[in-house]
file protein_34.tsv (TSV, C-alpha atoms)
chain	number	residue	atom	x	y	z
A	36	MET	CA	9.01	-1.17	-30.61
A	37	ILE	CA	6.58	-1.83	-27.74
A	38	ALA	CA	9.56	-2.65	-25.52
A	39	TYR	CA	11.07	0.79	-26.15
A	40	ILE	CA	7.77	2.44	-25.23
A	41	PHE	CA	7.84	0.54	-21.94
A	42	PHE	CA	11.47	1.60	-21.30
A	43	GLY	CA	10.59	5.24	-21.88
A	44	LEU	CA	7.56	4.95	-19.60
A	45	GLY	CA	9.64	3.39	-16.84
A	46	ILE	CA	12.33	6.06	-16.99
A	47	PHE	CA	9.62	8.76	-17.01
A	48	PHE	CA	7.98	7.35	-13.87
A	49	MET	CA	11.29	6.85	-12.08
A	50	PHE	CA	12.47	10.37	-12.85
A	51	PHE	CA	9.30	11.94	-11.51
A	52	GLY	CA	9.35	9.68	-8.45
A	53	VAL	CA	12.87	10.85	-7.62
A	54	LEU	CA	11.80	14.45	-8.25
A	55	GLY	CA	8.95	13.98	-5.78
A	56	VAL	CA	11.27	12.46	-3.20
A	57	LEU	CA	13.62	15.42	-3.55
A	58	LYS	CA	11.04	18.23	-3.59
A	59	PHE	CA	8.14	17.22	-1.34
A	60	PRO	CA	8.08	18.78	2.14
A	61	ASP	CA	7.21	15.86	4.45
A	62	ILE	CA	7.94	12.22	5.17
A	63	TYR	CA	4.49	10.93	4.23
A	64	THR	CA	4.28	12.77	0.91
A	65	ARG	CA	7.80	11.66	0.05
A	66	LEU	CA	6.85	8.10	0.95
A	67	GLN	CA	3.85	8.25	-1.35
A	68	ALA	CA	5.93	9.50	-4.29
A	69	SER	CA	8.65	6.92	-3.65
A	70	SER	CA	6.28	3.97	-3.33
A	71	LYS	CA	3.99	4.64	-6.28
A	72	CYS	CA	6.46	5.90	-8.84
A	73	GLY	CA	9.27	3.57	-7.84
A	74	ILE	CA	7.25	0.39	-8.17
A	75	THR	CA	5.58	1.54	-11.40
A	76	GLY	CA	8.93	2.32	-13.00
A	77	VAL	CA	10.49	-0.97	-11.92
A	78	ILE	CA	7.61	-3.12	-13.18
A	79	SER	CA	7.41	-1.15	-16.43
A	80	ILE	CA	11.11	-1.60	-17.25
A	81	PHE	CA	10.85	-5.30	-16.39
A	82	LEU	CA	7.88	-5.65	-18.75
A	83	GLY	CA	9.91	-4.00	-21.49
A	84	LEU	CA	12.78	-6.44	-20.94
A	85	ILE	CA	10.39	-9.43	-21.01
A	86	ILE	CA	8.85	-8.25	-24.31
A	87	ARG	CA	12.33	-7.64	-25.76
A	88	GLN	CA	13.68	-11.07	-24.74
A	89	GLY	CA	10.72	-13.25	-25.66
A	90	ILE	CA	10.10	-16.51	-23.83
A	91	SER	CA	13.36	-17.73	-22.30
A	92	ILE	CA	14.94	-18.45	-18.93
A	93	PHE	CA	15.80	-14.74	-18.67
A	94	SER	CA	12.19	-13.65	-18.84
A	95	LEU	CA	11.23	-16.31	-16.29
A	96	LYS	CA	13.75	-14.95	-13.81
A	97	ILE	CA	12.72	-11.36	-14.53
A	98	LEU	CA	9.13	-12.41	-13.80
A	99	LEU	CA	10.28	-13.93	-10.49
A	100	ILE	CA	12.11	-10.75	-9.42
A	101	SER	CA	9.14	-8.65	-10.53
A	102	LEU	CA	6.76	-10.77	-8.43
A	103	PHE	CA	9.07	-10.47	-5.44
A	104	ILE	CA	9.29	-6.66	-5.73
A	105	LEU	CA	5.52	-6.46	-6.23
A	106	ILE	CA	5.03	-8.28	-2.91
A	107	THR	CA	7.73	-6.67	-0.78
A	108	SER	CA	7.70	-2.98	-1.77
A	109	PRO	CA	4.26	-2.10	-0.28
A	110	VAL	CA	5.22	-3.95	2.90
A	111	ALA	CA	8.40	-1.88	3.26
A	112	SER	CA	6.52	1.40	2.64
A	113	HIS	CA	3.84	0.48	5.15
A	114	ILE	CA	6.39	-0.41	7.82
A	115	ILE	CA	8.30	2.86	7.29
A	116	ALA	CA	5.07	4.90	7.57
A	117	GLN	CA	3.92	2.99	10.65
A	118	SER	CA	7.27	3.46	12.33
A	119	ALA	CA	7.33	7.20	11.56
A	120	PHE	CA	3.76	7.67	12.81
A	121	LYS	CA	4.30	5.69	16.01
A	122	SER	CA	7.39	7.70	16.84
A	123	GLY	CA	5.29	10.88	16.84
A	124	LEU	CA	6.03	12.72	13.60
A	125	LYS	CA	3.13	15.00	12.65
A	126	PRO	CA	1.93	15.24	9.02
A	127	TRP	CA	2.78	18.46	7.19
A	128	ARG	CA	0.22	21.27	6.70
A	129	ALA	CA	0.29	24.15	4.24
A	130	ARG	CA	-0.40	26.78	6.90
A	131	LYS	CA	-0.94	26.61	10.62
A	132	PRO	CA	-4.55	26.38	11.89
A	133	LYS	CA	-5.66	29.72	13.35
A	134	ASN	CA	-7.45	29.13	16.66
A	135	ASP	CA	-5.49	26.19	17.93
B	139	MET	CA	26.46	2.90	-27.89
B	140	ASN	CA	24.09	0.13	-27.03
B	141	PHE	CA	20.51	1.00	-26.12
B	142	LEU	CA	20.54	-0.96	-22.86
B	143	SER	CA	23.74	0.72	-21.72
B	144	LEU	CA	22.09	4.09	-22.38
B	145	ILE	CA	19.23	3.00	-20.10
B	146	ASN	CA	21.80	1.98	-17.48
B	147	PHE	CA	23.43	5.40	-17.72
B	148	ILE	CA	20.14	7.23	-17.11
B	149	LEU	CA	19.21	4.90	-14.25
B	150	SER	CA	22.58	5.49	-12.60
B	151	GLY	CA	21.85	9.23	-12.63
B	152	ILE	CA	18.46	8.56	-11.03
B	153	ALA	CA	20.10	6.44	-8.30
B	154	ILE	CA	22.61	9.22	-7.56
B	155	LEU	CA	19.73	11.74	-7.28
B	156	SER	CA	18.00	9.38	-4.89
B	157	PHE	CA	21.12	9.16	-2.73
B	158	CYS	CA	21.02	12.97	-2.43
B	159	ARG	CA	17.95	12.48	-0.21
B	160	VAL	CA	19.92	9.99	1.89
B	161	ILE	CA	22.65	12.58	2.41
B	162	LEU	CA	20.50	15.65	3.19
B	163	GLY	CA	17.38	14.16	4.82
B	164	PRO	CA	16.43	15.84	8.11
B	165	THR	CA	15.12	12.76	9.91
B	166	PRO	CA	16.27	9.10	9.73
B	167	TYR	CA	13.00	8.12	8.01
B	168	ASP	CA	13.83	10.39	5.06
B	169	ARG	CA	17.15	8.62	4.68
B	170	LEU	CA	15.33	5.30	4.84
B	171	ILE	CA	12.93	6.35	2.05
B	172	GLY	CA	15.83	7.44	-0.15
B	173	PHE	CA	17.63	4.17	0.45
B	174	ASN	CA	14.51	2.16	-0.38
B	175	LEU	CA	14.05	3.93	-3.72
B	176	ALA	CA	17.77	3.68	-4.55
B	177	SER	CA	17.84	-0.06	-3.86
B	178	GLY	CA	14.93	-0.59	-6.25
B	179	VAL	CA	16.70	1.39	-8.97
B	180	ILE	CA	19.95	-0.54	-8.39
B	181	THR	CA	18.06	-3.83	-8.73
B	182	VAL	CA	16.78	-2.66	-12.13
B	183	ILE	CA	20.34	-1.66	-13.13
B	184	MET	CA	21.58	-5.18	-12.27
B	185	VAL	CA	18.82	-6.87	-14.30
B	186	VAL	CA	19.41	-4.64	-17.34
B	187	TYR	CA	23.15	-5.33	-17.11
B	188	ALA	CA	22.52	-9.09	-16.97
B	189	VAL	CA	20.33	-8.93	-20.07
B	190	GLU	CA	22.89	-6.75	-21.86
B	191	LEU	CA	25.81	-9.10	-21.19
B	192	ASN	CA	23.64	-12.21	-21.66
B	193	ARG	CA	24.78	-13.80	-18.39
B	194	ILE	CA	22.13	-15.70	-16.46
B	195	ILE	CA	24.06	-15.71	-13.19
B	196	TYR	CA	23.94	-11.93	-12.71
B	197	MET	CA	20.16	-12.20	-12.35
B	198	ASP	CA	20.63	-14.16	-9.11
B	199	VAL	CA	22.75	-11.33	-7.75
B	200	ALA	CA	19.85	-8.92	-8.41
B	201	LEU	CA	17.38	-11.25	-6.65
B	202	VAL	CA	19.60	-11.61	-3.57
B	203	TYR	CA	20.21	-7.84	-3.51
B	204	ALA	CA	16.47	-7.11	-3.56
B	205	LEU	CA	15.88	-9.61	-0.74
B	206	LEU	CA	18.68	-8.27	1.45
B	207	SER	CA	17.68	-4.63	0.95
B	208	PHE	CA	14.08	-5.50	1.94
B	209	ILE	CA	15.28	-7.19	5.13
B	210	GLY	CA	17.59	-4.27	5.88
B	211	VAL	CA	14.83	-1.66	5.50
B	212	ILE	CA	12.51	-3.61	7.80
B	213	ALA	CA	15.26	-4.09	10.40
B	214	ILE	CA	16.17	-0.37	10.43
B	215	ALA	CA	12.49	0.69	10.70
B	216	LYS	CA	11.87	-1.69	13.59
B	217	TYR	CA	15.05	-0.49	15.30
B	218	LEU	CA	14.08	3.18	15.05
B	219	ARG	CA	10.60	2.49	16.40
B	220	ALA	CA	11.97	0.52	19.36
B	221	GLY	CA	14.44	3.27	20.17
B	222	ASP	CA	11.68	5.84	20.69
B	223	ARG	CA	9.71	3.78	23.14
call {"tool": "encode", "arguments": {"input": "protein_34.tsv", "output": "structure tokens"}}
result
Amino acid sequence: MIAYIFFGLGIFFMFFGVLGVLKFPDIYTRLQASSKCGITGVISIFLGLIIRQGISIFSLKILLISLFILITSPVASHIIAQSAFKSGLKPWRARKPKND
Amino acid sequence: MNFLSLINFILSGIAILSFCRVILGPTPYDRLIGFNLASGVITVIMVVYAVELNRIIYMDVALVYALLSFIGVIAIAKYLRAGDR
């Protein structure tokens, strides 16, 4: 039962992360939605699978993949943001500043 | 219909929606963000499929896919940054 709650939570987070990636106006806001919601959904579905399987070799390997994603996903997001900022892309604003 | 295959179905729809950003992104970084999210979702699809079919060897495929997609994203980001200099 707890596993199904975790599955539903993971699909919820992933759906809204993809919605943010599709609807946000800028690279940096899209990157924020992708990073936060993507990693939360992945880890949540993996937790659901671990609870559903119990202690076995499957859950050990799922834990290994989960640890790997938990390390590498922030690094990838940081490198994409650094590369976009160094190449001169300005962050998005709602309206243009007046006397500028 | 099995419950895990239903989860796989929904996750496949999410991966297709994420590839829409790869197709219609204005800059290369938008395409990179869409690819990063889609590779994470595809890793989850592989793990759920391995648990559903009860094969331990499909889990290694998911691990290698996550590793290779991470290296690919870093290589493309470094390449784009070096091209602007």
call {"tool": "atom_distance", "arguments": {"input": "protein_34.tsv", "atom1": "atom CA of B:Phe173", "atom2": "atom CA of B:Glu190"}}
result
25.4 Å
call {"tool": "interface_residues", "arguments": {"input": "protein_34.tsv", "of": "chain A", "to": "chain B", "cutoff": "8 Å", "atoms": "all atoms listed in the file", "output": "PyMOL selection string"}}
result
chain A and resi 42+46+49-50+53+56-57+62+65-66+69-70+73-74+77+80-81+84+93+96-97+100+104+107-108+111+114-115+118-119+121-122
call {"tool": "atom_distance", "arguments": {"input": "protein_34.tsv", "atom1": "atom CA of A:Ile86", "atom2": "atom CA of A:Ala38"}}
result
5.8 Å
call {"tool": "decode", "arguments": {"input": "protein_34.tsv", "residues": "stretch 149-194 of chain B", "atoms": "C-alpha atoms", "output": "CSV table (one decimal), in the first residue's frame"}}
result
chain,number,residue,atom,x,y,z
B,149,LEU,CA,6.1,7.0,-18.0
B,150,SER,CA,6.4,6.4,-21.7
B,151,GLY,CA,3.9,9.2,-22.3
B,152,ILE,CA,5.9,11.5,-20.0
B,153,ALA,CA,9.1,10.6,-22.0
B,154,ILE,CA,7.4,11.5,-25.3
B,155,LEU,CA,6.3,14.8,-23.8
B,156,SER,CA,9.8,15.5,-22.7
B,157,PHE,CA,11.1,14.8,-26.2
B,158,CYS,CA,8.7,17.5,-27.5
B,159,ARG,CA,11.0,20.0,-25.9
B,160,VAL,CA,14.0,18.4,-27.7
B,161,ILE,CA,12.2,18.9,-31.0
B,162,LEU,CA,10.9,22.5,-30.5
B,163,GLY,CA,13.5,24.1,-28.3
B,164,PRO,CA,14.8,27.4,-29.5
B,165,THR,CA,18.4,27.1,-28.3
B,166,PRO,CA,20.7,24.0,-28.0
B,167,TYR,CA,20.5,24.2,-24.2
B,168,ASP,CA,16.8,23.7,-24.2
B,169,ARG,CA,17.3,20.5,-26.2
B,170,LEU,CA,19.9,19.4,-23.8
B,171,ILE,CA,17.5,19.9,-20.8
B,172,GLY,CA,14.8,17.9,-22.5
B,173,PHE,CA,17.3,15.1,-23.3
B,174,ASN,CA,18.5,15.1,-19.7
B,175,LEU,CA,14.9,14.7,-18.3
B,176,ALA,CA,14.0,12.1,-20.9
B,177,SER,CA,17.1,10.0,-20.1
B,178,GLY,CA,16.1,10.0,-16.4
B,179,VAL,CA,12.6,8.9,-17.2
B,180,ILE,CA,13.9,6.1,-19.6
B,181,THR,CA,16.2,4.8,-16.8
B,182,VAL,CA,13.1,4.5,-14.5
B,183,ILE,CA,11.2,2.7,-17.3
B,184,MET,CA,14.1,0.2,-17.6
B,185,VAL,CA,14.2,-0.5,-13.9
B,186,VAL,CA,10.4,-1.0,-13.7
B,187,TYR,CA,10.5,-3.3,-16.6
B,188,ALA,CA,13.3,-5.4,-15.0
B,189,VAL,CA,11.3,-5.7,-11.8
B,190,GLU,CA,8.2,-6.6,-13.8
B,191,LEU,CA,9.9,-9.4,-15.8
B,192,ASN,CA,12.0,-10.5,-12.7
B,193,ARG,CA,15.3,-10.4,-14.7
B,194,ILE,CA,18.3,-9.2,-12.8
